[in-house]
Structure formats: C-alpha cells, structure tokens
Amino acid sequence: MKGALSWAFLRLYLLTLLYFSANSILNVMIPLKGEALGASNSTIGVIMGAYLLTTMIFRPWAGQLIQRHGPIKVLRVILAVNGVALAMYAFTGLGGYIVARILQGVCTAFFSMALQLGIIDALPDKDRSQGISMYSLCSYLPGVIGPLIAVGMWQTGEMNVFAAAMIAIAVLTNAAGYTAKIVHKPVEAAAERRNQGAEMVKSFGQLVQNPHLFKSSVLMLSASLVFGAVTAFIPLYAAQIESGSAAVYLMLQAAIVVAARFALRKRIPSDGKWHSFFMMGTMLLLAAASLSISLAAVGGALLLYIGALLMGVAQALIYPTLTTYLSFVLPKENRNVLIGLFIAMADLGVSLGSIAMGPVADLSSYSMMYLLCFALGMAMMLVAFNRRTMGEVG
C-alpha cells in the first residue's frame, strides 16, 4: 500500500490509537475514583479540565518547537513525559492526578501537532486529507471500547488492574513511538510556521474583529462546553439512573461520532458559504441531546442513550463544518494561525465544561446542569442564524 495507507503511516495511526486509549479509560476512572474519595464535583471538574486547558495554553508553541527540532525528536521526548504521567495514576491519589493531567495536557499539545504536521509535510496534496482523517478516526476509536474497560476495572475493585493497564499503555505507546518514522521537511518548506506561536498571541484580537472567526468560535466554544460536561460527569450521573451505564453511553457516543463522520462526510458544506439551516439544525441536535440526557433522571436509561446518539451526531458535524468554513473565509496570510485560535477555543470549551459545570452540579443537580446545556444549545441556534443566507440551501 502507498500514500496515507503505507506501512509507515499505519504505524503512526497505531501510535495515535495507543496514545488516546489511556484517556478513554481515565475519562471514566477519574470521576469514579474522585467521588469514591469524597471529592466534590467542582474538584473533579478541575482535575478533568486541567488536561485540555493545559493543551490549549501550550499548543501555540508546539508548532515552533516541532519545526525547529523535527517531529520525531519532540515526539520521543513527550512520549517519555506522558509515560511518567500515566505512571502517576498508578501510584498517587487526587493530588497526583491533577499533576498528571497537566503533564498529559502538555504532551497532547505536542503529540497532536507533531503527528498532524508530520502527516501534512510527508504526504502529497492528494493524500493529505485522507491522512488527517485517519489520524482523527484513530483518536476517536479508543472511546468505543475504553469506557467499558474502565467500568470493568472499577467494578472488580482491584486498582492494581488499573495501575497495570496505565503502565502497559505507557510502555506500548513509547515502543510504538520510538520505532515510528516521520519525514521532516527542510525549514524553508515550512517557514510560514516558524513564528506561529508569536503570531498566534498577537492575533487574539481577531477573535473579536473577524466576524467569521467570532461566530464560529462562539459556536465551537459553547458546543465544546457541552461535550466537556458530558465527558466529565456522565460517569457519575449515569450511576443515578435506573439501568443507566456510563460505559454504554460513552461507547454509543464515540461509535456514532466515528460512523457519522464517515457516513455524513459528503453532507458537510464545502463551498465557503454560511449555511444557516445546516448549522441551526446541528445546534438543535446538540440541544436535543442535552435535554434528553437531562430528562433521563426521571425518564430512565432509554433517554440517556438517545442523548448519546444525538450528541454523537452533533459532535461529528460541528467541528469539521466550522473548520471547513473557516478554511475558505479566513485571510490566507494568517489562516493557519487563526484556525489554531479556533482549535484553542474548542480546547477551552471542553475544559470549561468540567471546571465551570462542576459547581453548577454541586449547587443543583446533574439533571439541572444538563438542562442548562440545553438552554445554551438553543441560544446557539440564534448565533447560527444568518438572515442574509437563509435563502441558501442549508
């Protein structure tokens, strides 16, 4: 096989799958362990949110270092640090967990940039989108089975199994990373990214000044907040619902994200126009999913799983739709930097979903928290509305 499916790239996709498999387990284990140790939802939210909040902060500088030293050198260093972080989960308590989450956040900022920039630089134009799609797919696949493994570990009551799993993932990920090969193009071929970190800091004003970026960032930030609230608190909320299972919910949602991104890939607008009906419909899916999850407290597990299906479709559509739109409408001279800011808003939203919604759950209930997510989704329908484009096919 050649191109994006050659053996060299298949090893990179395997590395991606191994790297993100730890998080698919931790997203369930950390809330369950935190609750068992008496931690409040606010504390659990901070621990969960520290991961992507750190990723957002370090992402602007990751591209610079990768360009300077090459993706492979950077990759091997951060995989070693990631191994230390995973080992901390095996031998520490909640205090160690937050340090481990921060270390993981730093590693993920560099890992995702190293893999994606490496794939972009190494593949010809005709294979580039396929390579990035395969990377994205492999980053989601662990979420299909990881939650079930996590719940199984928790129900056995043997934390030694969890510790062994974290160490095994660390060893396998490092082994895969140290044997991987990524072509590093000469500096002149990617000089436009040399000062990307500094340019990104200077370009924060564009979040407000550029109307296309502003609208897209507000929608992505809000949607990601809902996604973050689901990831952080579904493991605890599902336990309160008769016949509810966090593992089943998270597996359903991840499977739908993967299936919908493949099945609906040709439905995503790719003409540089703002399709109001399409975006409003996507936000309506997000709101309906949140409402279904909220009502599961009285309506039972069926509503919880319906929410998983709707949330999965919304998650599959929102990010690629907005990213594709921005790739057309942002100025070419700083398009990569501005899209980097947009991605940072997605990271921030997921962090806020756990950090900001934790106190809401403490003061009210999980059901009320997800009802607030429903209200946010409905409000975003108004943001998605654009009177000038309502005549377009949406």
# chains A, B, ... in the order shown; residues from 1 in each chain; ligands from 1

call {"tool": "residues_around", "arguments": {"residues": "A:Ala62", "least_positions_apart": "2", "cutoff": "12 Å", "atoms": "only C-alpha atoms", "output": "PDB file with N, CA and C atoms, in the first residue's frame"}}
result
ATOM      1  N   THR A  55      -3.454  21.891  27.381  1.00  0.00           N
ATOM      2  CA  THR A  55      -3.229  21.678  25.948  1.00  0.00           C
ATOM      3  C   THR A  55      -3.410  22.975  25.171  1.00  0.00           C
ATOM      4  N   MET A  56      -4.473  23.724  25.496  1.00  0.00           N
ATOM      5  CA  MET A  56      -4.760  24.984  24.813  1.00  0.00           C
ATOM      6  C   MET A  56      -3.618  25.981  25.004  1.00  0.00           C
ATOM      7  N   ILE A  57      -3.089  26.059  26.227  1.00  0.00           N
ATOM      8  CA  ILE A  57      -2.028  27.033  26.521  1.00  0.00           C
ATOM      9  C   ILE A  57      -0.743  26.706  25.769  1.00  0.00           C
ATOM     10  N   PHE A  58      -0.403  25.427  25.679  1.00  0.00           N
ATOM     11  CA  PHE A  58       0.873  25.036  25.090  1.00  0.00           C
ATOM     12  C   PHE A  58       0.815  24.820  23.573  1.00  0.00           C
ATOM     13  N   ARG A  59      -0.382  24.678  23.015  1.00  0.00           N
ATOM     14  CA  ARG A  59      -0.493  24.382  21.586  1.00  0.00           C
ATOM     15  C   ARG A  59       0.185  25.427  20.692  1.00  0.00           C
ATOM     16  N   PRO A  60       0.065  26.750  20.977  1.00  0.00           N
ATOM     17  CA  PRO A  60       0.686  27.729  20.072  1.00  0.00           C
ATOM     18  C   PRO A  60       2.192  27.557  19.917  1.00  0.00           C
ATOM     19  N   GLN A  64       6.210  25.669  16.850  1.00  0.00           N
ATOM     20  CA  GLN A  64       7.539  26.254  16.763  1.00  0.00           C
ATOM     21  C   GLN A  64       8.636  25.244  17.082  1.00  0.00           C
ATOM     22  N   LEU A  65       8.476  24.556  18.203  1.00  0.00           N
ATOM     23  CA  LEU A  65       9.500  23.601  18.629  1.00  0.00           C
ATOM     24  C   LEU A  65       9.594  22.411  17.687  1.00  0.00           C
ATOM     25  N   ILE A  66       8.439  21.994  17.179  1.00  0.00           N
ATOM     26  CA  ILE A  66       8.429  20.866  16.242  1.00  0.00           C
ATOM     27  C   ILE A  66       9.156  21.249  14.960  1.00  0.00           C
ATOM     28  N   GLN A  67       8.923  22.492  14.498  1.00  0.00           N
ATOM     29  CA  GLN A  67       9.591  22.931  13.283  1.00  0.00           C
ATOM     30  C   GLN A  67      11.100  23.063  13.486  1.00  0.00           C
ATOM     31  N   ARG A  68      11.483  23.475  14.684  1.00  0.00           N
ATOM     32  CA  ARG A  68      12.901  23.696  14.971  1.00  0.00           C
ATOM     33  C   ARG A  68      13.661  22.382  15.139  1.00  0.00           C
ATOM     34  N   HIS A  69      13.043  21.425  15.838  1.00  0.00           N
ATOM     35  CA  HIS A  69      13.755  20.190  16.189  1.00  0.00           C
ATOM     36  C   HIS A  69      13.283  18.965  15.416  1.00  0.00           C
ATOM     37  N   GLY A  70      12.174  19.089  14.673  1.00  0.00           N
ATOM     38  CA  GLY A  70      11.634  17.952  13.936  1.00  0.00           C
ATOM     39  C   GLY A  70      10.630  17.178  14.782  1.00  0.00           C
ATOM     40  N   PRO A  71       9.588  16.600  14.141  1.00  0.00           N
ATOM     41  CA  PRO A  71       8.521  15.922  14.885  1.00  0.00           C
ATOM     42  C   PRO A  71       8.987  14.693  15.657  1.00  0.00           C
ATOM     43  N   VAL A  74      10.820  15.609  19.057  1.00  0.00           N
ATOM     44  CA  VAL A  74       9.832  16.120  20.003  1.00  0.00           C
ATOM     45  C   VAL A  74       8.925  14.997  20.474  1.00  0.00           C
ATOM     46  N   LEU A  75       8.511  14.147  19.533  1.00  0.00           N
ATOM     47  CA  LEU A  75       7.598  13.055  19.847  1.00  0.00           C
ATOM     48  C   LEU A  75       8.191  12.123  20.904  1.00  0.00           C
ATOM     49  N   ILE A  78       8.164  13.803  24.448  1.00  0.00           N
ATOM     50  CA  ILE A  78       6.853  13.942  25.096  1.00  0.00           C
ATOM     51  C   ILE A  78       6.237  12.573  25.403  1.00  0.00           C
ATOM     52  N   GLY A 105      -1.737  17.146  29.410  1.00  0.00           N
ATOM     53  CA  GLY A 105      -2.147  18.257  28.559  1.00  0.00           C
ATOM     54  C   GLY A 105      -0.999  18.811  27.743  1.00  0.00           C
ATOM     55  N   VAL A 106       0.156  18.978  28.396  1.00  0.00           N
ATOM     56  CA  VAL A 106       1.348  19.434  27.686  1.00  0.00           C
ATOM     57  C   VAL A 106       1.720  18.442  26.584  1.00  0.00           C
ATOM     58  N   CYS A 107       1.716  17.156  26.938  1.00  0.00           N
ATOM     59  CA  CYS A 107       2.092  16.120  25.969  1.00  0.00           C
ATOM     60  C   CYS A 107       1.137  16.089  24.782  1.00  0.00           C
ATOM     61  N   THR A 108      -0.164  16.225  25.039  1.00  0.00           N
ATOM     62  CA  THR A 108      -1.141  16.157  23.949  1.00  0.00           C
ATOM     63  C   THR A 108      -0.997  17.332  23.000  1.00  0.00           C
ATOM     64  N   ALA A 109      -0.655  18.519  23.533  1.00  0.00           N
ATOM     65  CA  ALA A 109      -0.432  19.678  22.657  1.00  0.00           C
ATOM     66  C   ALA A 109       0.663  19.372  21.645  1.00  0.00           C
ATOM     67  N   PHE A 110       1.751  18.756  22.112  1.00  0.00           N
ATOM     68  CA  PHE A 110       2.876  18.452  21.235  1.00  0.00           C
ATOM     69  C   PHE A 110       2.624  17.210  20.395  1.00  0.00           C
ATOM     70  N   PHE A 111       1.956  16.215  20.986  1.00  0.00           N
ATOM     71  CA  PHE A 111       1.689  14.981  20.251  1.00  0.00           C
ATOM     72  C   PHE A 111       0.809  15.250  19.036  1.00  0.00           C
ATOM     73  N   SER A 112      -0.301  15.938  19.250  1.00  0.00           N
ATOM     74  CA  SER A 112      -1.237  16.173  18.144  1.00  0.00           C
ATOM     75  C   SER A 112      -0.609  17.033  17.057  1.00  0.00           C
ATOM     76  N   MET A 113       0.182  18.039  17.458  1.00  0.00           N
ATOM     77  CA  MET A 113       0.836  18.883  16.472  1.00  0.00           C
ATOM     78  C   MET A 113       1.917  18.104  15.718  1.00  0.00           C
ATOM     79  N   ALA A 114       2.696  17.289  16.436  1.00  0.00           N
ATOM     80  CA  ALA A 114       3.767  16.520  15.791  1.00  0.00           C
ATOM     81  C   ALA A 114       3.200  15.547  14.767  1.00  0.00           C
ATOM     82  N   LEU A 115       2.146  14.842  15.152  1.00  0.00           N
ATOM     83  CA  LEU A 115       1.560  13.862  14.224  1.00  0.00           C
ATOM     84  C   LEU A 115       0.904  14.545  13.029  1.00  0.00           C
ATOM     85  N   GLN A 116       0.096  15.573  13.284  1.00  0.00           N
ATOM     86  CA  GLN A 116      -0.622  16.208  12.182  1.00  0.00           C
ATOM     87  C   GLN A 116       0.313  16.976  11.250  1.00  0.00           C
ATOM     88  N   LEU A 117       1.268  17.714  11.813  1.00  0.00           N
ATOM     89  CA  LEU A 117       2.218  18.427  10.954  1.00  0.00           C
ATOM     90  C   LEU A 117       3.109  17.448  10.212  1.00  0.00           C
ATOM     91  N   ARG A 193       5.469  28.588   9.377  1.00  0.00           N
ATOM     92  CA  ARG A 193       5.061  28.196  10.716  1.00  0.00           C
ATOM     93  C   ARG A 193       6.116  28.539  11.768  1.00  0.00           C
ATOM     94  N   ARG A 194       7.234  29.127  11.342  1.00  0.00           N
ATOM     95  CA  ARG A 194       8.354  29.325  12.252  1.00  0.00           C
ATOM     96  C   ARG A 194       7.969  30.200  13.427  1.00  0.00           C
ATOM     97  N   ASN A 195       7.231  31.264  13.162  1.00  0.00           N
ATOM     98  CA  ASN A 195       6.841  32.185  14.217  1.00  0.00           C
ATOM     99  C   ASN A 195       5.354  32.062  14.535  1.00  0.00           C
ATOM    100  N   GLN A 196       4.816  30.862  14.339  1.00  0.00           N
ATOM    101  CA  GLN A 196       3.380  30.684  14.509  1.00  0.00           C
ATOM    102  C   GLN A 196       2.942  30.986  15.938  1.00  0.00           C
ATOM    103  N   GLY A 197       3.757  30.587  16.929  1.00  0.00           N
ATOM    104  CA  GLY A 197       3.362  30.818  18.314  1.00  0.00           C
ATOM    105  C   GLY A 197       3.224  32.297  18.612  1.00  0.00           C
ATOM    106  N   ALA A 198       4.246  33.093  18.222  1.00  0.00           N
ATOM    107  CA  ALA A 198       4.205  34.535  18.471  1.00  0.00           C
ATOM    108  C   ALA A 198       3.064  35.186  17.701  1.00  0.00           C
ATOM    109  N   MET A 200       0.301  33.815  16.842  1.00  0.00           N
ATOM    110  CA  MET A 200      -0.978  33.454  17.431  1.00  0.00           C
ATOM    111  C   MET A 200      -1.308  34.365  18.612  1.00  0.00           C
ATOM    112  N   GLY A 340      -5.720  27.933  14.279  1.00  0.00           N
ATOM    113  CA  GLY A 340      -5.153  27.485  15.543  1.00  0.00           C
ATOM    114  C   GLY A 340      -5.880  28.095  16.732  1.00  0.00           C
TER     115      GLY A 340
END

call {"tool": "closest_residue", "arguments": {"among": "A:Asn334, A:Gln315, A:Gln155, A:Ser243", "to": "A:Ser224", "atoms": "only C-alpha atoms"}}
result
A:Gln315

call {"tool": "residues_around", "arguments": {"residues": "A:Arg76", "least_positions_apart": "5", "cutoff": "9 Å", "atoms": "only C-alpha atoms", "output": "PyMOL selection string"}}
result
chain A and resi 71+81+174+177-178

call {"tool": "closest_residue", "arguments": {"among": "A:Val226, A:Leu285, A:Ala259, A:Val99", "to": "A:Leu372", "atoms": "only C-alpha atoms"}}
result
A:Val226

call {"tool": "closest_residue", "arguments": {"among": "A:Thr179, A:Thr173, A:Gln209, A:Thr321", "to": "A:His275", "atoms": "only C-alpha atoms"}}
result
A:Thr321

call {"tool": "select_by_dssp", "arguments": {"residues": "stretch 227-350 of chain A", "states": "alpha helix (DSSP H)", "output": "PyMOL selection string"}}
result
chain A and resi 227-237+246-263+276-299+301-329+335-350

call {"tool": "atom_distance", "arguments": {"atom1": "atom CA of A:Tyr319", "atom2": "atom CA of A:Ala180"}}
result
28.4 Å

call {"tool": "closest_residue", "arguments": {"among": "A:Ser216, A:Thr282, A:Gln253, A:Thr231", "to": "A:Thr324", "atoms": "only C-alpha atoms"}}
result
A:Ser216

call {"tool": "closest_atom_pairs", "arguments": {"of": "stretch 60-85 of chain A", "to": "stretch 17-30 of chain A", "cutoff": "12 Å", "atoms": "only C-alpha atoms", "output": "Markdown table"}}
result
| residue | atom | partner | partner_atom | distance |
| --- | --- | --- | --- | --- |
| A:Leu75 | CA | A:Tyr19 | CA | 11.5 |
| A:Ile78 | CA | A:Tyr19 | CA | 11.2 |
| A:Leu79 | CA | A:Tyr19 | CA | 8.7 |
| A:Ala80 | CA | A:Tyr19 | CA | 11.8 |
| A:Asn82 | CA | A:Tyr19 | CA | 8.9 |
| A:Gly83 | CA | A:Tyr19 | CA | 10.0 |
| A:Ala85 | CA | A:Ala22 | CA | 10.6 |

call {"tool": "closest_residue", "arguments": {"among": "A:Leu148, A:Ile343, A:Ile47, A:Ala288", "to": "A:Gly96", "atoms": "only C-alpha atoms"}}
result
A:Ile47

call {"tool": "residues_around", "arguments": {"residues": "A:Met378", "least_positions_apart": "2", "cutoff": "10 Å", "atoms": "only C-alpha atoms", "output": "number ranges by chain"}}
result
A: 280, 283-288, 372-376, 380-383

call {"tool": "write_last_selection", "arguments": {"atoms": "N, CA and C atoms", "output": "PDB file, in the first residue's frame"}}
result
ATOM      1  N   MET A 280     -27.958  25.652  12.240  1.00  0.00           N
ATOM      2  CA  MET A 280     -29.024  25.708  13.238  1.00  0.00           C
ATOM      3  C   MET A 280     -29.524  24.302  13.562  1.00  0.00           C
ATOM      4  N   MET A 283     -26.981  22.658  15.869  1.00  0.00           N
ATOM      5  CA  MET A 283     -27.122  23.152  17.242  1.00  0.00           C
ATOM      6  C   MET A 283     -28.398  22.622  17.893  1.00  0.00           C
ATOM      7  N   LEU A 284     -29.434  22.421  17.091  1.00  0.00           N
ATOM      8  CA  LEU A 284     -30.661  21.832  17.619  1.00  0.00           C
ATOM      9  C   LEU A 284     -30.410  20.394  18.069  1.00  0.00           C
ATOM     10  N   LEU A 285     -29.595  19.659  17.316  1.00  0.00           N
ATOM     11  CA  LEU A 285     -29.213  18.302  17.729  1.00  0.00           C
ATOM     12  C   LEU A 285     -28.496  18.332  19.076  1.00  0.00           C
ATOM     13  N   LEU A 286     -27.592  19.293  19.233  1.00  0.00           N
ATOM     14  CA  LEU A 286     -26.852  19.436  20.484  1.00  0.00           C
ATOM     15  C   LEU A 286     -27.807  19.724  21.640  1.00  0.00           C
ATOM     16  N   ALA A 287     -28.742  20.640  21.405  1.00  0.00           N
ATOM     17  CA  ALA A 287     -29.708  20.995  22.452  1.00  0.00           C
ATOM     18  C   ALA A 287     -30.608  19.816  22.789  1.00  0.00           C
ATOM     19  N   ALA A 288     -31.099  19.113  21.756  1.00  0.00           N
ATOM     20  CA  ALA A 288     -31.977  17.961  21.980  1.00  0.00           C
ATOM     21  C   ALA A 288     -31.256  16.858  22.743  1.00  0.00           C
ATOM     22  N   LEU A 372     -29.218  23.213  31.675  1.00  0.00           N
ATOM     23  CA  LEU A 372     -28.528  24.458  31.337  1.00  0.00           C
ATOM     24  C   LEU A 372     -27.794  24.306  30.003  1.00  0.00           C
ATOM     25  N   CYS A 373     -27.228  23.125  29.756  1.00  0.00           N
ATOM     26  CA  CYS A 373     -26.591  22.856  28.464  1.00  0.00           C
ATOM     27  C   CYS A 373     -27.615  22.921  27.328  1.00  0.00           C
ATOM     28  N   PHE A 374     -28.818  22.436  27.593  1.00  0.00           N
ATOM     29  CA  PHE A 374     -29.903  22.526  26.606  1.00  0.00           C
ATOM     30  C   PHE A 374     -30.198  23.983  26.270  1.00  0.00           C
ATOM     31  N   ALA A 375     -30.305  24.828  27.309  1.00  0.00           N
ATOM     32  CA  ALA A 375     -30.577  26.248  27.088  1.00  0.00           C
ATOM     33  C   ALA A 375     -29.457  26.902  26.277  1.00  0.00           C
ATOM     34  N   LEU A 376     -28.213  26.510  26.555  1.00  0.00           N
ATOM     35  CA  LEU A 376     -27.077  27.051  25.814  1.00  0.00           C
ATOM     36  C   LEU A 376     -27.150  26.638  24.344  1.00  0.00           C
ATOM     37  N   MET A 380     -27.504  29.044  21.005  1.00  0.00           N
ATOM     38  CA  MET A 380     -26.557  28.992  19.887  1.00  0.00           C
ATOM     39  C   MET A 380     -27.262  28.879  18.538  1.00  0.00           C
ATOM     40  N   MET A 381     -28.509  28.443  18.539  1.00  0.00           N
ATOM     41  CA  MET A 381     -29.274  28.450  17.287  1.00  0.00           C
ATOM     42  C   MET A 381     -29.445  29.881  16.785  1.00  0.00           C
ATOM     43  N   LEU A 382     -29.603  30.815  17.712  1.00  0.00           N
ATOM     44  CA  LEU A 382     -29.724  32.226  17.330  1.00  0.00           C
ATOM     45  C   LEU A 382     -28.411  32.750  16.776  1.00  0.00           C
ATOM     46  N   VAL A 383     -27.289  32.306  17.377  1.00  0.00           N
ATOM     47  CA  VAL A 383     -25.976  32.714  16.873  1.00  0.00           C
ATOM     48  C   VAL A 383     -25.749  32.151  15.474  1.00  0.00           C
TER      49      VAL A 383
END

call {"tool": "closest_residue", "arguments": {"among": "A:Tyr237, A:Tyr135, A:Tyr366, A:Trp274", "to": "A:Phe9", "atoms": "only C-alpha atoms"}}
result
A:Tyr135

call {"tool": "decode", "arguments": {"residues": "stretch 329-363 of chain A", "atoms": "N, CA and C atoms", "output": "PDB file, in the first residue's frame"}}
result
ATOM      1  N   VAL A 329     -12.942  31.233   4.338  1.00  0.00           N
ATOM      2  CA  VAL A 329     -13.243  32.654   4.542  1.00  0.00           C
ATOM      3  C   VAL A 329     -12.145  33.431   5.268  1.00  0.00           C
ATOM      4  N   LEU A 330     -11.214  32.752   5.930  1.00  0.00           N
ATOM      5  CA  LEU A 330     -10.150  33.482   6.628  1.00  0.00           C
ATOM      6  C   LEU A 330      -9.068  33.911   5.646  1.00  0.00           C
ATOM      7  N   PRO A 331      -8.413  35.049   5.903  1.00  0.00           N
ATOM      8  CA  PRO A 331      -7.343  35.519   5.006  1.00  0.00           C
ATOM      9  C   PRO A 331      -6.196  34.520   4.948  1.00  0.00           C
ATOM     10  N   LYS A 332      -5.690  34.269   3.760  1.00  0.00           N
ATOM     11  CA  LYS A 332      -4.674  33.236   3.568  1.00  0.00           C
ATOM     12  C   LYS A 332      -3.372  33.540   4.308  1.00  0.00           C
ATOM     13  N   GLU A 333      -3.041  34.829   4.441  1.00  0.00           N
ATOM     14  CA  GLU A 333      -1.749  35.166   5.024  1.00  0.00           C
ATOM     15  C   GLU A 333      -1.623  34.732   6.492  1.00  0.00           C
ATOM     16  N   ASN A 334      -2.734  34.630   7.222  1.00  0.00           N
ATOM     17  CA  ASN A 334      -2.645  34.150   8.614  1.00  0.00           C
ATOM     18  C   ASN A 334      -3.745  33.135   8.926  1.00  0.00           C
ATOM     19  N   ARG A 335      -4.153  32.405   7.896  1.00  0.00           N
ATOM     20  CA  ARG A 335      -5.234  31.424   8.067  1.00  0.00           C
ATOM     21  C   ARG A 335      -4.869  30.340   9.071  1.00  0.00           C
ATOM     22  N   ASN A 336      -3.644  29.807   8.984  1.00  0.00           N
ATOM     23  CA  ASN A 336      -3.258  28.726   9.893  1.00  0.00           C
ATOM     24  C   ASN A 336      -3.261  29.184  11.347  1.00  0.00           C
ATOM     25  N   VAL A 337      -2.791  30.407  11.573  1.00  0.00           N
ATOM     26  CA  VAL A 337      -2.761  30.939  12.930  1.00  0.00           C
ATOM     27  C   VAL A 337      -4.175  31.103  13.477  1.00  0.00           C
ATOM     28  N   LEU A 338      -5.067  31.642  12.655  1.00  0.00           N
ATOM     29  CA  LEU A 338      -6.441  31.878  13.107  1.00  0.00           C
ATOM     30  C   LEU A 338      -7.192  30.573  13.322  1.00  0.00           C
ATOM     31  N   ILE A 339      -6.934  29.586  12.480  1.00  0.00           N
ATOM     32  CA  ILE A 339      -7.555  28.274  12.706  1.00  0.00           C
ATOM     33  C   ILE A 339      -6.994  27.656  13.989  1.00  0.00           C
ATOM     34  N   GLY A 340      -5.720  27.933  14.279  1.00  0.00           N
ATOM     35  CA  GLY A 340      -5.153  27.485  15.543  1.00  0.00           C
ATOM     36  C   GLY A 340      -5.880  28.095  16.732  1.00  0.00           C
ATOM     37  N   LEU A 341      -6.257  29.370  16.615  1.00  0.00           N
ATOM     38  CA  LEU A 341      -7.034  30.012  17.663  1.00  0.00           C
ATOM     39  C   LEU A 341      -8.402  29.355  17.811  1.00  0.00           C
ATOM     40  N   PHE A 342      -8.997  29.016  16.687  1.00  0.00           N
ATOM     41  CA  PHE A 342     -10.304  28.352  16.704  1.00  0.00           C
ATOM     42  C   PHE A 342     -10.211  27.002  17.428  1.00  0.00           C
ATOM     43  N   ILE A 343      -9.144  26.243  17.131  1.00  0.00           N
ATOM     44  CA  ILE A 343      -8.941  24.960  17.811  1.00  0.00           C
ATOM     45  C   ILE A 343      -8.745  25.183  19.312  1.00  0.00           C
ATOM     46  N   ALA A 344      -8.050  26.274  19.665  1.00  0.00           N
ATOM     47  CA  ALA A 344      -7.843  26.591  21.072  1.00  0.00           C
ATOM     48  C   ALA A 344      -9.172  26.854  21.775  1.00  0.00           C
ATOM     49  N   MET A 345     -10.131  27.458  21.067  1.00  0.00           N
ATOM     50  CA  MET A 345     -11.454  27.691  21.645  1.00  0.00           C
ATOM     51  C   MET A 345     -12.180  26.375  21.912  1.00  0.00           C
ATOM     52  N   ALA A 346     -11.950  25.393  21.042  1.00  0.00           N
ATOM     53  CA  ALA A 346     -12.532  24.065  21.266  1.00  0.00           C
ATOM     54  C   ALA A 346     -11.950  23.437  22.530  1.00  0.00           C
ATOM     55  N   ASP A 347     -10.619  23.549  22.697  1.00  0.00           N
ATOM     56  CA  ASP A 347      -9.971  23.032  23.907  1.00  0.00           C
ATOM     57  C   ASP A 347     -10.493  23.733  25.152  1.00  0.00           C
ATOM     58  N   LEU A 348     -10.601  25.066  25.076  1.00  0.00           N
ATOM     59  CA  LEU A 348     -11.088  25.843  26.215  1.00  0.00           C
ATOM     60  C   LEU A 348     -12.507  25.446  26.589  1.00  0.00           C
ATOM     61  N   GLY A 349     -13.340  25.225  25.574  1.00  0.00           N
ATOM     62  CA  GLY A 349     -14.736  24.859  25.835  1.00  0.00           C
ATOM     63  C   GLY A 349     -14.845  23.550  26.597  1.00  0.00           C
ATOM     64  N   VAL A 350     -14.072  22.543  26.191  1.00  0.00           N
ATOM     65  CA  VAL A 350     -14.113  21.249  26.885  1.00  0.00           C
ATOM     66  C   VAL A 350     -13.663  21.420  28.332  1.00  0.00           C
ATOM     67  N   SER A 351     -12.640  22.232  28.556  1.00  0.00           N
ATOM     68  CA  SER A 351     -12.174  22.481  29.923  1.00  0.00           C
ATOM     69  C   SER A 351     -13.240  23.169  30.760  1.00  0.00           C
ATOM     70  N   LEU A 352     -13.891  24.176  30.187  1.00  0.00           N
ATOM     71  CA  LEU A 352     -14.951  24.882  30.910  1.00  0.00           C
ATOM     72  C   LEU A 352     -16.131  23.972  31.210  1.00  0.00           C
ATOM     73  N   GLY A 353     -16.353  22.990  30.335  1.00  0.00           N
ATOM     74  CA  GLY A 353     -17.449  22.057  30.558  1.00  0.00           C
ATOM     75  C   GLY A 353     -17.316  21.298  31.862  1.00  0.00           C
ATOM     76  N   SER A 354     -16.085  21.046  32.280  1.00  0.00           N
ATOM     77  CA  SER A 354     -15.873  20.363  33.559  1.00  0.00           C
ATOM     78  C   SER A 354     -15.614  21.351  34.693  1.00  0.00           C
ATOM     79  N   ILE A 355     -14.810  22.382  34.434  1.00  0.00           N
ATOM     80  CA  ILE A 355     -14.441  23.327  35.502  1.00  0.00           C
ATOM     81  C   ILE A 355     -15.632  24.199  35.913  1.00  0.00           C
ATOM     82  N   ALA A 356     -16.370  24.733  34.930  1.00  0.00           N
ATOM     83  CA  ALA A 356     -17.479  25.639  35.244  1.00  0.00           C
ATOM     84  C   ALA A 356     -18.758  24.887  35.620  1.00  0.00           C
ATOM     85  N   MET A 357     -18.975  23.719  35.036  1.00  0.00           N
ATOM     86  CA  MET A 357     -20.207  22.991  35.305  1.00  0.00           C
ATOM     87  C   MET A 357     -20.150  22.162  36.592  1.00  0.00           C
ATOM     88  N   GLY A 358     -18.945  21.915  37.105  1.00  0.00           N
ATOM     89  CA  GLY A 358     -18.829  21.206  38.374  1.00  0.00           C
ATOM     90  C   GLY A 358     -19.546  21.921  39.503  1.00  0.00           C
ATOM     91  N   PRO A 359     -19.284  23.224  39.710  1.00  0.00           N
ATOM     92  CA  PRO A 359     -20.013  23.957  40.749  1.00  0.00           C
ATOM     93  C   PRO A 359     -21.520  23.992  40.516  1.00  0.00           C
ATOM     94  N   VAL A 360     -21.952  24.041  39.242  1.00  0.00           N
ATOM     95  CA  VAL A 360     -23.389  24.019  38.946  1.00  0.00           C
ATOM     96  C   VAL A 360     -24.005  22.713  39.450  1.00  0.00           C
ATOM     97  N   ALA A 361     -23.311  21.603  39.196  1.00  0.00           N
ATOM     98  CA  ALA A 361     -23.804  20.303  39.673  1.00  0.00           C
ATOM     99  C   ALA A 361     -23.806  20.237  41.193  1.00  0.00           C
ATOM    100  N   ASP A 362     -22.801  20.840  41.842  1.00  0.00           N
ATOM    101  CA  ASP A 362     -22.747  20.856  43.303  1.00  0.00           C
ATOM    102  C   ASP A 362     -23.910  21.649  43.891  1.00  0.00           C
ATOM    103  N   LEU A 363     -24.241  22.774  43.262  1.00  0.00           N
ATOM    104  CA  LEU A 363     -25.281  23.657  43.789  1.00  0.00           C
ATOM    105  C   LEU A 363     -26.686  23.199  43.431  1.00  0.00           C
TER     106      LEU A 363
END
